[in-house]
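This is run_35.txt (compact mmCIF, C-alpha atoms).
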# COMPACT_ATOMS: atom_id res chain seq x y z
CA MET V 30 -19.84 -5.76 44.35
CA ALA V 31 -19.14 -9.46 44.29
CA ALA V 32 -16.95 -11.16 46.83
CA ALA V 33 -14.70 -14.11 46.06
CA GLN V 34 -15.87 -17.46 47.33
CA GLY V 35 -14.65 -21.00 46.88
CA HIS V 36 -13.97 -24.34 48.47
CA LEU V 37 -11.21 -26.82 49.13
CA SER V 38 -10.84 -29.85 46.93
CA ASP V 39 -10.37 -33.39 48.12
CA GLY V 40 -6.74 -34.15 47.37
CA PRO V 41 -5.17 -37.58 46.91
CA ASP V 42 -5.26 -38.06 50.68
CA ASP V 43 -8.96 -37.07 50.82
CA ALA V 44 -7.96 -34.02 52.83
CA ASP V 45 -10.78 -31.73 53.81
CA GLY V 46 -10.52 -28.08 54.81
CA GLU V 47 -9.58 -28.75 58.45
CA GLU V 48 -6.96 -31.36 57.57
CA SER V 49 -5.29 -29.34 54.83
CA PRO V 50 -1.98 -27.58 55.60
CA SER V 51 -2.17 -24.31 57.48
CA LEU V 52 -0.28 -22.44 54.76
CA PHE V 53 -2.79 -23.58 52.17
CA ARG V 54 -5.76 -22.62 54.33
CA GLN V 55 -4.26 -19.16 54.81
CA ALA V 56 -3.66 -18.80 51.07
CA VAL V 57 -7.27 -19.74 50.36
CA ALA V 58 -8.49 -17.34 53.04
CA GLY V 59 -6.67 -14.58 51.18
CA LEU V 60 -8.91 -15.21 48.17
CA GLN V 61 -12.11 -14.92 50.17
CA GLY V 62 -13.84 -11.62 50.68
CA VAL V 63 -11.86 -9.73 48.02
CA ARG V 64 -13.81 -6.73 46.74
CA LEU V 65 -14.16 -6.68 42.97
CA ARG V 66 -15.45 -4.46 40.19
CA PRO V 67 -19.25 -4.70 39.78
CA GLU V 68 -18.84 -6.04 36.24
CA ILE V 69 -17.15 -9.21 37.56
CA GLU V 70 -19.24 -12.22 38.57
CA LEU V 71 -17.11 -14.63 40.59
CA ASP V 72 -18.19 -18.08 41.75
CA PRO V 73 -16.59 -21.22 43.17
CA THR V 74 -16.02 -24.12 40.80
CA PRO V 75 -14.80 -27.69 41.39
CA PRO V 76 -10.99 -27.69 41.23
CA PRO V 77 -8.96 -30.30 39.35
CA GLN V 78 -8.06 -33.39 41.36
CA ARG V 79 -4.71 -34.48 39.92
CA LEU V 80 -2.62 -31.34 39.47
CA ALA V 81 -1.57 -31.05 43.12
CA PRO V 82 -2.37 -32.54 46.53
CA PHE V 83 -4.43 -29.44 47.36
CA SER V 84 -6.32 -27.13 45.02
CA TYR V 85 -8.92 -24.38 45.06
CA ALA V 86 -10.69 -22.87 42.03
CA LEU V 87 -12.75 -19.86 41.05
CA GLU V 88 -14.48 -19.01 37.79
CA ALA V 89 -15.38 -15.50 36.70
CA ALA V 90 -17.16 -13.62 33.94
CA VAL V 91 -17.15 -9.97 32.96
CA VAL V 92 -20.77 -8.97 32.35
CA VAL V 93 -21.99 -5.59 31.11
CA ASP V 94 -25.67 -4.95 30.33
CA ASP V 95 -26.42 -8.68 30.57
CA THR V 96 -23.73 -9.41 27.99
CA GLU V 97 -20.77 -11.62 28.86
CA LEU V 98 -17.61 -10.05 27.43
CA ALA V 99 -14.97 -12.41 28.84
CA ASP V 100 -14.65 -15.36 31.16
CA GLY V 101 -11.92 -17.22 32.97
CA ARG V 102 -10.87 -19.67 35.62
CA LEU V 103 -8.22 -19.30 38.32
CA ILE V 104 -6.81 -22.30 40.19
CA LEU V 105 -4.59 -22.23 43.27
CA LEU V 106 -2.37 -25.32 43.63
CA HIS V 107 -0.33 -26.35 46.64
CA ASP V 108 2.18 -29.15 47.09
CA PRO V 109 3.71 -29.11 50.59
CA ALA V 110 6.66 -31.19 49.33
CA GLY V 111 7.57 -28.52 46.81
CA HIS V 112 7.75 -28.73 43.04
CA ASP V 113 10.92 -28.08 41.04
CA ALA V 114 9.06 -26.60 38.05
CA TRP V 115 7.15 -24.25 40.34
CA ARG V 116 10.25 -23.20 42.29
CA GLY V 117 8.14 -23.41 45.41
CA THR V 118 5.04 -24.98 46.92
CA PHE V 119 2.31 -22.80 45.35
CA ARG V 120 1.23 -22.32 41.74
CA LEU V 121 -1.55 -20.31 40.09
CA VAL V 122 -3.04 -21.58 36.84
CA THR V 123 -5.48 -19.68 34.65
CA LEU V 124 -7.52 -19.74 31.47
CA VAL V 125 -8.93 -16.42 30.22
CA GLN V 126 -10.86 -16.00 26.97
CA ALA V 127 -12.94 -13.45 25.07
CA ASP V 128 -14.42 -12.79 21.63
CA LEU V 129 -12.84 -10.10 19.46
CA GLU V 130 -13.66 -8.19 16.35
CA PRO V 131 -12.08 -10.15 13.45
CA GLU V 132 -9.87 -7.27 12.37
CA MET V 133 -8.28 -7.09 15.82
CA ALA V 134 -7.08 -10.68 15.55
CA ALA V 135 -5.12 -9.77 12.41
CA ASP V 136 -2.69 -7.68 14.47
CA PRO V 137 0.60 -9.66 14.44
CA LEU V 138 1.51 -8.25 17.87
CA LEU V 139 -1.73 -9.35 19.54
CA PRO V 140 -0.27 -12.43 21.32
CA GLU V 141 2.63 -10.41 22.75
CA VAL V 142 0.27 -7.65 23.86
CA CYS V 143 -2.07 -10.08 25.61
CA TRP V 144 0.81 -11.78 27.41
CA SER V 145 2.11 -8.40 28.55
CA TRP V 146 -1.30 -7.71 30.06
CA LEU V 147 -0.83 -10.65 32.42
CA THR V 148 2.68 -9.72 33.51
CA GLY V 149 1.74 -6.03 33.57
CA ALA V 150 -1.25 -6.69 35.81
CA LEU V 151 0.92 -8.56 38.31
CA GLU V 152 3.58 -5.87 38.25
CA ALA V 153 1.02 -3.07 38.60
CA ARG V 154 -0.26 -4.73 41.77
CA ARG V 155 3.36 -5.16 42.93
CA VAL V 156 2.92 -8.83 43.69
CA PRO V 157 6.13 -10.88 43.44
CA TYR V 158 6.00 -13.97 41.24
CA THR V 159 8.34 -16.32 39.39
CA ALA V 160 8.46 -18.97 36.65
CA PRO V 161 5.66 -17.63 34.43
CA SER V 162 4.69 -19.71 31.41
CA GLY V 163 1.78 -19.97 29.04
CA THR V 164 0.26 -19.59 25.60
CA VAL V 165 -1.85 -17.04 23.78
CA THR V 166 -4.14 -18.50 21.10
CA ARG V 167 -6.38 -16.74 18.62
CA ALA V 168 -8.91 -18.70 16.58
CA GLY V 169 -11.32 -17.59 13.91
CA SER V 170 -14.61 -19.28 12.97
CA HIS V 171 -16.54 -19.00 9.71
CA TYR V 172 -20.05 -20.39 9.41
CA PHE V 173 -21.65 -22.30 6.53
CA GLY V 174 -24.87 -24.02 5.56
CA GLY V 175 -27.56 -23.57 8.17
CA LEU V 176 -25.23 -21.28 10.13
CA ALA V 177 -24.27 -19.10 7.18
CA ASP V 178 -26.22 -16.13 8.53
CA ARG V 179 -23.81 -15.81 11.46
CA GLU V 180 -20.97 -13.33 11.23
CA PRO V 181 -17.40 -14.66 11.45
CA SER V 182 -16.10 -14.70 14.99
CA THR V 183 -12.62 -14.57 16.50
CA ARG V 184 -11.63 -15.67 19.99
CA ILE V 185 -8.52 -14.93 22.03
CA GLU V 186 -7.44 -17.32 24.77
CA ILE V 187 -4.71 -16.99 27.39
CA ARG V 188 -3.54 -20.09 29.25
CA ALA V 189 -0.91 -19.31 31.84
CA SER V 190 0.62 -20.27 35.15
CA TRP V 191 3.00 -18.61 37.58
CA SER V 192 4.32 -19.13 41.09
CA PRO V 193 3.31 -16.54 43.68
CA ALA V 194 6.26 -15.69 45.88
CA PRO V 195 5.55 -16.26 49.58
CA GLU V 196 5.52 -13.43 52.07
CA ALA V 197 7.51 -13.47 55.31
CA ALA V 198 5.11 -15.95 56.91
CA GLY V 199 5.47 -18.32 53.97
CA VAL V 200 2.02 -17.53 52.52
CA PRO V 201 1.66 -15.72 49.18
CA ASP V 202 -0.52 -12.61 48.94
CA THR V 203 -3.27 -14.43 47.05
CA ALA V 204 -5.68 -11.51 47.41
CA ALA V 205 -3.35 -9.31 45.36
CA HIS V 206 -2.88 -12.05 42.78
CA LEU V 207 -6.65 -12.42 42.45
CA ALA V 208 -7.01 -8.66 42.01
CA ALA V 209 -4.33 -8.67 39.30
CA TRP V 210 -6.04 -11.58 37.56
CA CYS V 211 -9.34 -9.70 37.58
CA ASP V 212 -7.54 -6.70 36.06
CA LEU V 213 -6.41 -8.98 33.22
CA LEU V 214 -9.93 -10.33 32.78
CA CYS V 215 -11.37 -6.83 32.51
CA GLN V 216 -8.66 -5.72 30.11
CA ILE V 217 -9.23 -8.61 27.72
CA ALA V 218 -12.95 -7.82 27.95
CA GLY V 219 -12.21 -4.33 26.65
CA LEU V 220 -13.04 -2.43 29.84
CA PRO V 221 -11.00 0.62 30.81
CA PRO V 222 -9.02 0.35 34.05
CA GLY V 223 -11.08 0.99 37.15
CA GLY V 224 -14.22 1.56 35.13
CA ALA V 225 -13.03 4.92 33.79
CA PRO V 226 -11.00 5.82 30.67
CA GLU V 227 -7.30 6.31 31.25
CA ALA V 228 -4.90 7.99 28.86
CA GLY V 229 -2.35 5.74 27.21
CA VAL V 230 -4.18 2.48 27.99
CA VAL V 231 -5.17 0.36 25.01
CA THR V 232 -8.04 -2.12 25.30
CA LEU V 233 -9.49 -4.41 22.69
CA PRO V 234 -12.98 -3.69 21.34
CA GLN V 235 -15.15 -6.71 21.99
CA ARG V 236 -17.98 -8.40 20.16
CA ARG V 237 -21.05 -7.66 22.25
CA ASP V 238 -23.49 -10.22 20.84
CA PRO V 239 -22.21 -13.80 21.32
CA HIS V 240 -22.84 -14.16 25.04
CA SER V 241 -25.92 -12.06 25.70
CA ARG V 242 -27.85 -13.33 28.70
Represent the structure contained in this file as structure tokens.
Amino acid sequence: MAAAQGHLSDGPDDADGEESPSLFRQAVAGLQGVRLRPEIELDPTPPPQRLAPFSYALEAAVVVDDTELADGRLILLHDPAGHDAWRGTFRLVTLVQADLEPEMAADPLLPEVCWSWLTGALEARRVPYTAPSGTVTRAGSHYFGGLADREPSTRIEIRASWSPAPEAAGVPDTAAHLAAWCDLLCQIAGLPPGGAPEAGVVTLPQRRDPHSR
């Protein structure tokens, strides 16, 4: 199984890992060494520089039989001075996307369902959070001319952010948030929970050809 890795960004004050706030270092440590499903490939990625004084980022892909079914990015932000919109000092930001069968995108309830997967994943892991916001976008592509032999494709994309509630020590349980995020990534990829079918759980069938490795 893969283990989460990552690195600290250089914030506006050129802070490195040792000079960053203790709470932030502890939150980042919570993301490191998390055990994941074998289908998930998780790697560090350069975090954005202007969203917060301190940031840390991971990118992930769900890969089955050398085929990439979904991918995403998770960013941990920290502003020691606090942020009114966050209702705290920490914020998690994500982008998750996957290809779908065209007929699935015609479901008028698809955006609501996908958003409920995010909130449901957090609630299933029993991790407290607040101030969630985001968008669910579905886009279809049709090909012409030299690309006319390609089948139409449809892509679903979730952009979201939420504030992880701190524990007693003031540090959020980032490991649990990462696990919930990976649950969302697997669900949008069409994988059953925990790698085994479960009654009453609906997943989206995915296109298995666009991202073959």
Could you check the closest approach to Trp210 (chain V) for each of V:Gly101, V:Pro77, V:Pro50, V:Pro109 and tell me which residue wins, using all atoms listed in the file?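 Of V:Gly101, V:Pro77, V:Pro50, V:Pro109, the one nearest Trp210 (chain V), counting all atoms listed in the file, is V:Gly101.
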Mind running region 82-141 of chain V against region 53-69 of chain V at 7 Å and telling me each contacting residue's nearest atom pair with the distance in Å (one decimal), counting all atoms listed in the file, chain and number ascending, as a tab-separated table?
residue	atom	partner	partner_atom	distance
V:Ala89	CA	V:Ile69	CA	6.6
V:Ala90	CA	V:Ile69	CA	5.7
V:Val91	CA	V:Ile69	CA	4.7
V:Val92	CA	V:Glu68	CA	5.2
V:Val93	CA	V:Glu68	CA	6.0
V:His107	CA	V:Phe53	CA	6.7
Could you check how far CA of His112 (chain V) sits from CA of Glu186 (chain V), in Å to one decimal? 26.4 Å
Please provide as number ranges by chain all residues within 12 Å of Arg155 (chain V), with the sequence filter that same-chain residues fewer than 2 positions apart are discarded (counting all atoms listed in the file). V: 148-153, 157-158, 193-194, 202, 204-206, 208-209
Which distance in Å separates CA of Arg79 (chain V) and CA of Leu52 (chain V), to one decimal?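 Going from CA of Arg79 (chain V) over to CA of Leu52 (chain V), I get 19.6 Å.
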Counting only C-alpha atoms, which residues come within 8 Å of (-11.9, -14.5, 16.7), with the point read in the file's coordinates, and could you list them as a PDB file with C-alpha atoms, in the frame of the given file?
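Saved the output as point-v2.pdb:
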ATOM      1  CA  ASP V 128     -14.420 -12.790  21.630  1.00  0.00           C
ATOM      2  CA  LEU V 129     -12.840 -10.100  19.460  1.00  0.00           C
ATOM      3  CA  GLU V 130     -13.660  -8.190  16.350  1.00  0.00           C
ATOM      4  CA  PRO V 131     -12.080 -10.150  13.450  1.00  0.00           C
ATOM      5  CA  ALA V 134      -7.080 -10.680  15.550  1.00  0.00           C
ATOM      6  CA  ARG V 167      -6.380 -16.740  18.620  1.00  0.00           C
ATOM      7  CA  ALA V 168      -8.910 -18.700  16.580  1.00  0.00           C
ATOM      8  CA  GLY V 169     -11.320 -17.590  13.910  1.00  0.00           C
ATOM      9  CA  SER V 170     -14.610 -19.280  12.970  1.00  0.00           C
ATOM     10  CA  PRO V 181     -17.400 -14.660  11.450  1.00  0.00           C
ATOM     11  CA  SER V 182     -16.100 -14.700  14.990  1.00  0.00           C
ATOM     12  CA  THR V 183     -12.620 -14.570  16.500  1.00  0.00           C
ATOM     13  CA  ARG V 184     -11.630 -15.670  19.990  1.00  0.00           C
ATOM     14  CA  ILE V 185      -8.520 -14.930  22.030  1.00  0.00           C
TER      15      ILE V 185
END
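For the set V:Thr118, V:Leu207, V:Ile187, V:Ala197, the residue with the smallest atom-to-atom gap to Glu88 (chain V) is V:Leu207, counting all atoms listed in the file.
Interatomic distance, CA of Ala160 (chain V) against CA of Leu98 (chain V): 29.1 Å.
Residue nearest Gly199 (chain V), chosen from V:Asp100, V:Leu105, V:Thr123, V:Gly117 and counting only C-alpha atoms: V:Gly117.
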Nearest to Pro82 (chain V) among V:Ala177, V:Ala110, V:Val125, V:Met133, with distances taken over only C-alpha atoms: which residue is it? V:Ala110
